[in-house]
Amino acid sequence: APVIVYVMNHAAPRIGQEFSLTELRIVRTALTCVGGRLSYDTIHALRSAGDFECWLLGIDGNPDGDPRVLCDDFRVLPSAAEDADAFAQAALKTCEEFSIEFLILSSDEEVKAVQGSHDRFAAIGTTLSCGRDCPIDMVMDKLSLYRTLGEAGVQTLKFAEVSSHEDLQREAVQMGYPDVKLVLKPRTGRGSRGVILLDPAATAFANLIPNRFCGVCPLDLVGGAFAEHGQNFGDYLLMEYMEGDTYDVDVVARDGAALDIVSRLRQLRNAFWPTSTGHKILRDAKAQAAVAEACEVMGMDGASDFDVIMRGPDDPIILDAACRFSGSVGASMPAGINVPAQMVRERLGLNFAPQAASARDGVVVRPFLTMAEIPEHNETDLL
């Protein structure tokens with residue numbers, strides 16, 4: 001049976017008014033990748049639901065991630081990227097140990113690791129943030145994603161499969177190089193790793209992100225850059241390069257239907273930077289409609305994340321998708337929409353109602369280092 005807590009209404013009562021007691025259900029929640037750069041916002045969102053109280057178990061592969069001290073308890077689990085089976089087994093055991101009701105998976109590899117295990121988690125009372133039939137294999141392979149969307153009439157960038165240096169040279173010319181810039185990216189990559197902007201105006205390879213193979217290079221020098229960094233051309237995707245307004249779109253989905261959706265305009269100095277440096281919360285109807293259509297085509301279920309670029313004000317194009325939320329999902333809180341809490345409500349059947357239409361439009365947000373209250377029992381865990 002769910003645990004109920006009684007919380008005192010903190011507002012000062014008017015004369016003759018008594019304090020009220022409000023019943024709040026405790027949802028025992030686990031959040032993976034809790035050591036992430038912006039995880040404070042996600043934790044804050046879960047703690048701020050208002051209609052339920054979140055007891056939170058933090059999970060990460062790094063025992064020293066600072067945000068661990070924000071959680072009620074913390075466990076280190078194997079990396080799903082390195083050993084999917086070990087992660088799945090450890091996640092199941094941990095959820096049973098802590099009586100976890102809701103497990104939020106924050107990486108593609110973790111979602112893939114637990115696919116097919118929903119019944120095993122359900123048997124111990126745990127619901128997963130990813131739906132039973134979420135298309136994780138499709139979204140992890142950008143070629144498969146683009147083909148699926150294109151065959152259904154959903155707009156994507158022009159693209160071509162690349163499996164060798166010869167493929168790249170041939171496809172680049174067919175796509176208009178050197179009259180246009182192109183983007184070369186791994187089919188299964190993330191965090192801008194291995195992404196190359198092919199720019200005919202460049203004279204040498206230049207890094208766009210420190211300590212990561214991501215840069216700009218002319219086509220005739222890309223082979224040397226790949227060799228120097230120990231890369232090969234297998235399983236790559238060549239895409240048209242486009243500049244335009246780009247949105248991160250957070251979605252709570254169920255069986256292909258986008259039940260709640262919020263779009264955040266990216267505000268970046270470097271378009272290839274792997275983490276958020278700022279957003280503007282904007283209800284772009286065209287971008288959101290394109291995402292809703294893609295959700296239906298793909299059968300998205302559970303926590304979902306889309307990247308959308310605008311070719312023009314009325315021409316949205318799907319760039320990427322994921323069966324989990326982005327690390328910056330908590331960025332919409334200042335605009336009045338709590339996406340992580342909405343996911344908990346929808347998945348657990350807790351009085352869910354869409355919030356996006358009531359969000360404050362035009363709110364600009366930036367990430368800052370902040371002081372945050374932590375559970376008292378973590379006081380001796382020094383950072």
# chains A, B, ... in the order shown; residues from 1 in each chain; ligands from 1
$ residues_around --residues "A:Gly116" --least-positions-apart "3" --cutoff "9 Å" --atoms "only C-alpha atoms" --output "VMD selection string"
chain A and resid 112 to 113 119 to 120 132 to 133
$ write_last_selection --atoms "N, CA and C atoms" --output "compact mmCIF listing (two decimals), in the first residue's frame"
# COMPACT_ATOMS: atom_id res chain seq x y z
N LYS A 112 17.89 0.50 -23.13
CA LYS A 112 18.07 -0.71 -23.92
C LYS A 112 18.34 -1.92 -23.03
N ALA A 113 19.09 -1.70 -21.95
CA ALA A 113 19.46 -2.81 -21.06
C ALA A 113 18.23 -3.43 -20.39
N ASP A 119 8.22 -7.01 -17.05
CA ASP A 119 7.47 -7.91 -16.17
C ASP A 119 8.26 -8.23 -14.91
N ARG A 120 9.56 -8.36 -15.03
CA ARG A 120 10.39 -8.66 -13.86
C ARG A 120 10.39 -7.49 -12.89
N ARG A 132 6.92 -0.26 -22.29
CA ARG A 132 7.23 -1.64 -22.66
C ARG A 132 7.65 -1.76 -24.12
N ASP A 133 7.04 -0.96 -25.00
CA ASP A 133 7.30 -1.06 -26.43
C ASP A 133 7.98 0.17 -27.00
$ residues_around --residues "A:Ala88" --least-positions-apart "2" --cutoff "9 Å" --atoms "only C-alpha atoms" --output "PyMOL selection string"
chain A and resi 78+80+83-86+90-93+110+113-114+117
$ residues_around --residues "A:Leu383" --least-positions-apart "4" --cutoff "9 Å" --atoms "only C-alpha atoms" --output "short mmCIF file (atom, residue, chain, number, x, y, z; two decimals) with N, CA and C atoms, in the first residue's frame"
data_model
loop_
_atom_site.label_atom_id
_atom_site.label_comp_id
_atom_site.auth_asym_id
_atom_site.auth_seq_id
_atom_site.Cartn_x
_atom_site.Cartn_y
_atom_site.Cartn_z
N ASP A 64 31.69 9.24 -6.88
CA ASP A 64 32.04 10.56 -6.37
C ASP A 64 31.21 11.69 -6.97
N GLY A 65 30.14 11.37 -7.69
CA GLY A 65 29.31 12.42 -8.26
C GLY A 65 28.68 13.29 -7.18
N ASP A 66 28.91 14.59 -7.23
CA ASP A 66 28.44 15.49 -6.17
C ASP A 66 26.95 15.39 -5.88
N VAL A 69 24.66 13.70 -2.78
CA VAL A 69 24.29 14.18 -1.45
C VAL A 69 22.90 14.80 -1.43
#
$ atom_distance --atom1 "atom CA of A:Val262" --atom2 "atom CA of A:Arg283"
6.7 Å
$ select_by_dssp --residues "stretch 241-270 of chain A" --states "strand (DSSP E)" --output "ChimeraX atom specification"
/A:246-254,257-266
$ residues_around --residues "A:Gly223" --least-positions-apart "2" --cutoff "12 Å" --atoms "only C-alpha atoms" --output "VMD selection string"
chain A and resid 164 to 166 168 to 169 196 198 204 to 205 217 to 221 225 to 233
$ closest_residue --among "A:Cys295, A:Val365, A:Leu208, A:Leu103" --to "A:Gly330" --atoms "only C-alpha atoms"
A:Val365
